[in-house]
Amino acid sequence: MNNSILTIIENVIKNNGEIVAIKSGPHSLTYRQLGEQSDRLAQWLCSNVEDNEPVMVYGHKNPQMIVCFMACVKSGRAYCPVDISMPADRVKDIAEAIGNKTILATENFELNGFRVIGKNDISRICDQAAGSGTAFPVSGNDTFYIIFTSGSTGKPKGVEISESNLSKFAEWSVNLAGARLTDEKRNHPIFMNQAPFSFDLSVMDLYTSLAMGGTLVCVDKAQQQNTAEMFEYMRNSSITCWVSTPSFAEMCMADHSFDSSLLPEMELFLFCGEKLGKETAEKLSERFPQAKIVNTYGPTESTVAVTFADVTPEMIKKEGPLPIGQPKPGTQLVIEGEEIVIIGDTVAKGYYKNPEKTEQVFFQTPDKDGKMQKAYRTGDKGFYDGKNFYCTGRMDGQIKLHGYRIELGDIENNLMNISLIEQAAVLPKYDGDKIKSLVAYVKAPSMEGSFSDGKKIKSLLKEKIPAYMVPKNIKFLDKMPMTANGKLDRKKLEAGLI
Amino acid sequence: MKQKVIDTVLNLLEEICGDDVIRSDMDINLLEEDLIDSLDYTELLVGIEDALGVVMAPSELKREEMDTPNKIIEQVMKRI
């Protein structure tokens, strides 16, 4: 497979057009429909949008989202997925950072100063005959998508993934999944999508499924709130490949009915986005003895995942954390000091319109064969035991909560922007080595510190940052602890000495 | 037995929610007040099973039946 991801998907459209490509609740779309509709929308973009900047695609799990993604890249423009869970202020920040005045929205959405092409307009465009203009799809080093992640300054930063990055990633992920499925399932895998499309874990299920000619079954936000309905939907969809954060699988396993009798077709669990705990892996292998479990690792800056480990009973028995395993072909991992550095063909172009931040962590270096390659300093701590790589934590204030990547500084800066607050610090609350929730310590002299004051701060914060970033608890302090040289004393806060 | 259930549920909730408000207002809506999320429910149900031997499956319960400390206690009592 040396073709670009778009060529591979076009081949599936040509050869397996009537297979369902995407299913989300009652909505579904075949490969033929995906091809036709995205061609028409791409033509429309070429004729009606002068801007060649990336296009924001706003929505949730409607199959129309994928039509928009495909249309953008077929028209030569990158897309930037933004989920409905993002608060309005942050959506605005992202729209302004991208710079394109046109936005595609598959859910109700308006934004002052921007032309929003809504769901009905998109449907109308997709139903009309295509125009005659020629579209030049993105290729090689052109940006394919931009995903925004939490930034320590309080503004999100956009990671630019090129067409070549994504094609190399998909080449590997298709081989990874294909080698672990039975012949029958390999011919038509059914992938589960749990993560919103604005979270790059979704790239693993979406593009692996499309490149394999599989069906992607999206589990939306509402379904995830209703376990009985969600399980019924999963069972009826005959899922064979599971892609989620470990947290989501843990949530499902709290129900004893979540096992191979509920999902008898399940053959493969692919995990990414956060640390896979041994207990989770062990419980899962007991519930699904016929399925394989693969732990993968990688930051958004290196296109979803760059290492993999097949979880074995020996690994579970061995002391210490589960390994993140071996790098994929085309990638090399180096431990510099304690830090994991990723070198290879899926390292991102950099941060969108942010050369300073890009220069801080991206650089060129010769790989083991002496060829110059792009490299990325992850900020993750890790080690190599001669057989496998391990990731042991972070070197800075970035954390993972339920698979979401969060900069504590992002929350702190947004707290400090609230006029009632003079000082703020956000700390993770641990259960063993796993982060359970976030606690914000604030100095807000004009507030009493009651439960309703905490509620007020949370609601003000929710206007600025996504709900998953809002600390569960707000603790009011008369005075923040300081170190001798005048810095906030996080250690004292962590030890609960206040 | 009821007192044991109340103590167990409140201890678990105080740990999970990180706030003792759940003791002073046992009708507080845990979901609306952002004191509990899907993963916290997982922890709560596992905790109840470990401490009291009562199995509560998320697929058998609606969120509205479990959104206050009092309602959670009531659901546990029903299964004892």
# chains A, B, ... in the order shown; residues from 1 in each chain; ligands from 1
>>> interface_residues(of="chain B", to="chain A", cutoff="6 Å", atoms="only C-alpha atoms", output="PDB file with N, CA and C atoms, in the first residue's frame")
ATOM      1  N   LEU B  39     -17.800   8.253  34.455  1.00  0.00           N
ATOM      2  CA  LEU B  39     -16.771   7.402  35.061  1.00  0.00           C
ATOM      3  C   LEU B  39     -16.908   7.336  36.573  1.00  0.00           C
ATOM      4  N   THR B  42     -19.252   4.694  37.451  1.00  0.00           N
ATOM      5  CA  THR B  42     -18.582   3.394  37.415  1.00  0.00           C
ATOM      6  C   THR B  42     -17.946   3.113  38.774  1.00  0.00           C
ATOM      7  N   ALA B  57     -26.324  -2.783  37.754  1.00  0.00           N
ATOM      8  CA  ALA B  57     -25.826  -2.670  36.387  1.00  0.00           C
ATOM      9  C   ALA B  57     -26.246  -1.335  35.775  1.00  0.00           C
ATOM     10  N   PRO B  58     -25.289  -0.593  35.193  1.00  0.00           N
ATOM     11  CA  PRO B  58     -25.653   0.683  34.563  1.00  0.00           C
ATOM     12  C   PRO B  58     -26.738   0.518  33.498  1.00  0.00           C
ATOM     13  N   SER B  59     -26.760  -0.665  32.845  1.00  0.00           N
ATOM     14  CA  SER B  59     -27.759  -0.845  31.779  1.00  0.00           C
ATOM     15  C   SER B  59     -29.167  -1.059  32.332  1.00  0.00           C
TER      16      SER B  59
END
>>> residues_around(residues="Ala281 (chain A)", least_positions_apart="3", cutoff="8 Å", atoms="only C-alpha atoms", output="list in words")
Leu276, Gly277, Lys278, Leu284, Ser285, Ile293, Val311 and Ile316 of chain A
>>> write_last_selection(atoms="N, CA and C atoms", output="short mmCIF file (atom, residue, chain, number, x, y, z; two decimals), in the first residue's frame")
data_model
loop_
_atom_site.label_atom_id
_atom_site.label_comp_id
_atom_site.auth_asym_id
_atom_site.auth_seq_id
_atom_site.Cartn_x
_atom_site.Cartn_y
_atom_site.Cartn_z
N LEU A 276 -3.09 2.58 29.44
CA LEU A 276 -3.93 1.40 29.63
C LEU A 276 -3.46 0.69 30.90
N GLY A 277 -4.35 0.61 31.89
CA GLY A 277 -3.99 -0.03 33.16
C GLY A 277 -4.05 -1.55 33.04
N LYS A 278 -3.24 -2.22 33.88
CA LYS A 278 -3.20 -3.68 33.83
C LYS A 278 -4.54 -4.30 34.22
N LEU A 284 -10.64 -7.17 30.76
CA LEU A 284 -11.15 -7.21 29.37
C LEU A 284 -10.82 -8.56 28.72
N SER A 285 -9.62 -9.06 28.98
CA SER A 285 -9.26 -10.34 28.36
C SER A 285 -10.07 -11.49 28.95
N ILE A 293 -5.94 -7.59 22.33
CA ILE A 293 -5.91 -6.24 22.92
C ILE A 293 -4.58 -5.60 22.53
N VAL A 311 -1.06 -6.91 24.02
CA VAL A 311 -1.06 -7.21 25.45
C VAL A 311 -1.16 -8.72 25.67
N ILE A 316 0.88 -8.71 31.62
CA ILE A 316 0.00 -8.36 32.74
C ILE A 316 0.60 -8.85 34.06
#
>>> atom_distance(atom1="CA of Ala211 (chain A)", atom2="CA of Thr102 (chain A)")
28.6 Å
>>> residues_around(residues="Asp27 (chain B)", least_positions_apart="6", cutoff="9 Å", atoms="only C-alpha atoms", output="JSON list (two decimals) with N, CA and C atoms, in the first residue's frame")
[["chain", "number", "residue", "atom", "x", "y", "z"],
["B", 67, "ASP", "N", -29.70, 10.27, 40.56],
["B", 67, "ASP", "CA", -29.03, 11.57, 40.47],
["B", 67, "ASP", "C", -28.95, 12.35, 41.79],
["B", 68, "THR", "N", -29.43, 11.77, 42.90],
["B", 68, "THR", "CA", -29.24, 12.42, 44.21],
["B", 68, "THR", "C", -28.76, 11.37, 45.21],
["B", 69, "PRO", "N", -28.12, 11.79, 46.31],
["B", 69, "PRO", "CA", -27.70, 10.80, 47.32],
["B", 69, "PRO", "C", -28.89, 9.97, 47.81],
["B", 70, "ASN", "N", -30.03, 10.64, 48.07],
["B", 70, "ASN", "CA", -31.20, 9.89, 48.56],
["B", 70, "ASN", "C", -31.68, 8.84, 47.57],
["B", 71, "LYS", "N", -31.72, 9.20, 46.28],
["B", 71, "LYS", "CA", -32.18, 8.24, 45.27],
["B", 71, "LYS", "C", -31.22, 7.06, 45.16]]
>>> residues_around(residues="region 493-495 of chain A", least_positions_apart="3", cutoff="12 Å", atoms="only C-alpha atoms", output="JSON, numbers by chain")
{"A": [424, 425, 426, 427, 428, 429, 430, 438, 439, 440, 441, 442, 475, 477, 479, 480, 481, 482, 483, 488, 489, 490, 498]}
>>> select_by_dssp(residues="region 52-194 of chain A", states="strand (DSSP E)", output="ChimeraX atom specification")
/A:55-59,79-83,102-105,115-117,143-149,157-162,190-193
>>> closest_residue(among="A:Lys74, A:Lys368, A:Lys283, A:Lys462", to="Arg90 (chain A)", atoms="only C-alpha atoms")
A:Lys462
>>> select_by_dssp(residues="region 2-78 of chain B", states="alpha helix (DSSP H)", output="ChimeraX atom specification")
/B:2-17,21-24,38-52,69-78
>>> atom_distance(atom1="CA of Lys371 (chain A)", atom2="CA of Ile335 (chain A)")
18.9 Å
>>> decode(residues="region 463-484 of chain A", atoms="N, CA and C atoms", output="short mmCIF file (atom, residue, chain, number, x, y, z; two decimals), in the first residue's frame")
data_model
loop_
_atom_site.label_atom_id
_atom_site.label_comp_id
_atom_site.auth_asym_id
_atom_site.auth_seq_id
_atom_site.Cartn_x
_atom_site.Cartn_y
_atom_site.Cartn_z
N GLU A 463 -18.00 28.74 29.97
CA GLU A 463 -18.20 29.57 28.78
C GLU A 463 -16.90 29.66 27.97
N LYS A 464 -15.79 29.36 28.63
CA LYS A 464 -14.48 29.56 28.00
C LYS A 464 -13.78 28.28 27.59
N ILE A 465 -13.94 27.23 28.37
CA ILE A 465 -13.21 25.98 28.08
C ILE A 465 -14.18 24.79 28.05
N PRO A 466 -13.81 23.70 27.36
CA PRO A 466 -14.72 22.55 27.29
C PRO A 466 -15.02 21.97 28.68
N ALA A 467 -16.21 21.38 28.80
CA ALA A 467 -16.66 20.87 30.10
C ALA A 467 -15.66 19.89 30.74
N TYR A 468 -14.96 19.07 29.88
CA TYR A 468 -14.05 18.10 30.47
C TYR A 468 -12.84 18.76 31.13
N MET A 469 -12.63 20.05 30.84
CA MET A 469 -11.49 20.75 31.44
C MET A 469 -11.87 21.49 32.73
N VAL A 470 -13.16 21.62 32.99
CA VAL A 470 -13.60 22.38 34.16
C VAL A 470 -13.36 21.55 35.43
N PRO A 471 -12.57 22.07 36.39
CA PRO A 471 -12.30 21.29 37.61
C PRO A 471 -13.59 20.91 38.33
N LYS A 472 -13.60 19.71 38.86
CA LYS A 472 -14.80 19.25 39.57
C LYS A 472 -14.99 20.04 40.86
N ASN A 473 -13.89 20.32 41.55
CA ASN A 473 -13.98 21.02 42.83
C ASN A 473 -13.24 22.35 42.78
N ILE A 474 -13.88 23.35 43.38
CA ILE A 474 -13.24 24.66 43.52
C ILE A 474 -13.03 24.88 45.02
N LYS A 475 -11.79 25.02 45.41
CA LYS A 475 -11.48 25.26 46.83
C LYS A 475 -11.01 26.70 46.99
N PHE A 476 -11.62 27.38 47.94
CA PHE A 476 -11.28 28.79 48.15
C PHE A 476 -10.22 28.91 49.24
N LEU A 477 -9.20 29.69 48.96
CA LEU A 477 -8.14 29.90 49.95
C LEU A 477 -8.00 31.40 50.21
N ASP A 478 -7.73 31.76 51.48
CA ASP A 478 -7.51 33.18 51.78
C ASP A 478 -6.17 33.62 51.24
N LYS A 479 -5.24 32.67 51.24
CA LYS A 479 -3.88 32.98 50.82
C LYS A 479 -3.32 31.76 50.08
N MET A 480 -2.68 31.98 48.95
CA MET A 480 -2.09 30.85 48.23
C MET A 480 -0.70 30.58 48.82
N PRO A 481 -0.32 29.34 48.99
CA PRO A 481 1.02 29.06 49.54
C PRO A 481 2.10 29.43 48.53
N MET A 482 3.16 30.09 49.00
CA MET A 482 4.23 30.50 48.11
C MET A 482 5.56 29.88 48.57
N THR A 483 6.46 29.68 47.61
CA THR A 483 7.79 29.19 47.96
C THR A 483 8.65 30.38 48.38
N ALA A 484 9.83 30.08 48.87
CA ALA A 484 10.71 31.16 49.32
C ALA A 484 11.03 32.15 48.21
#
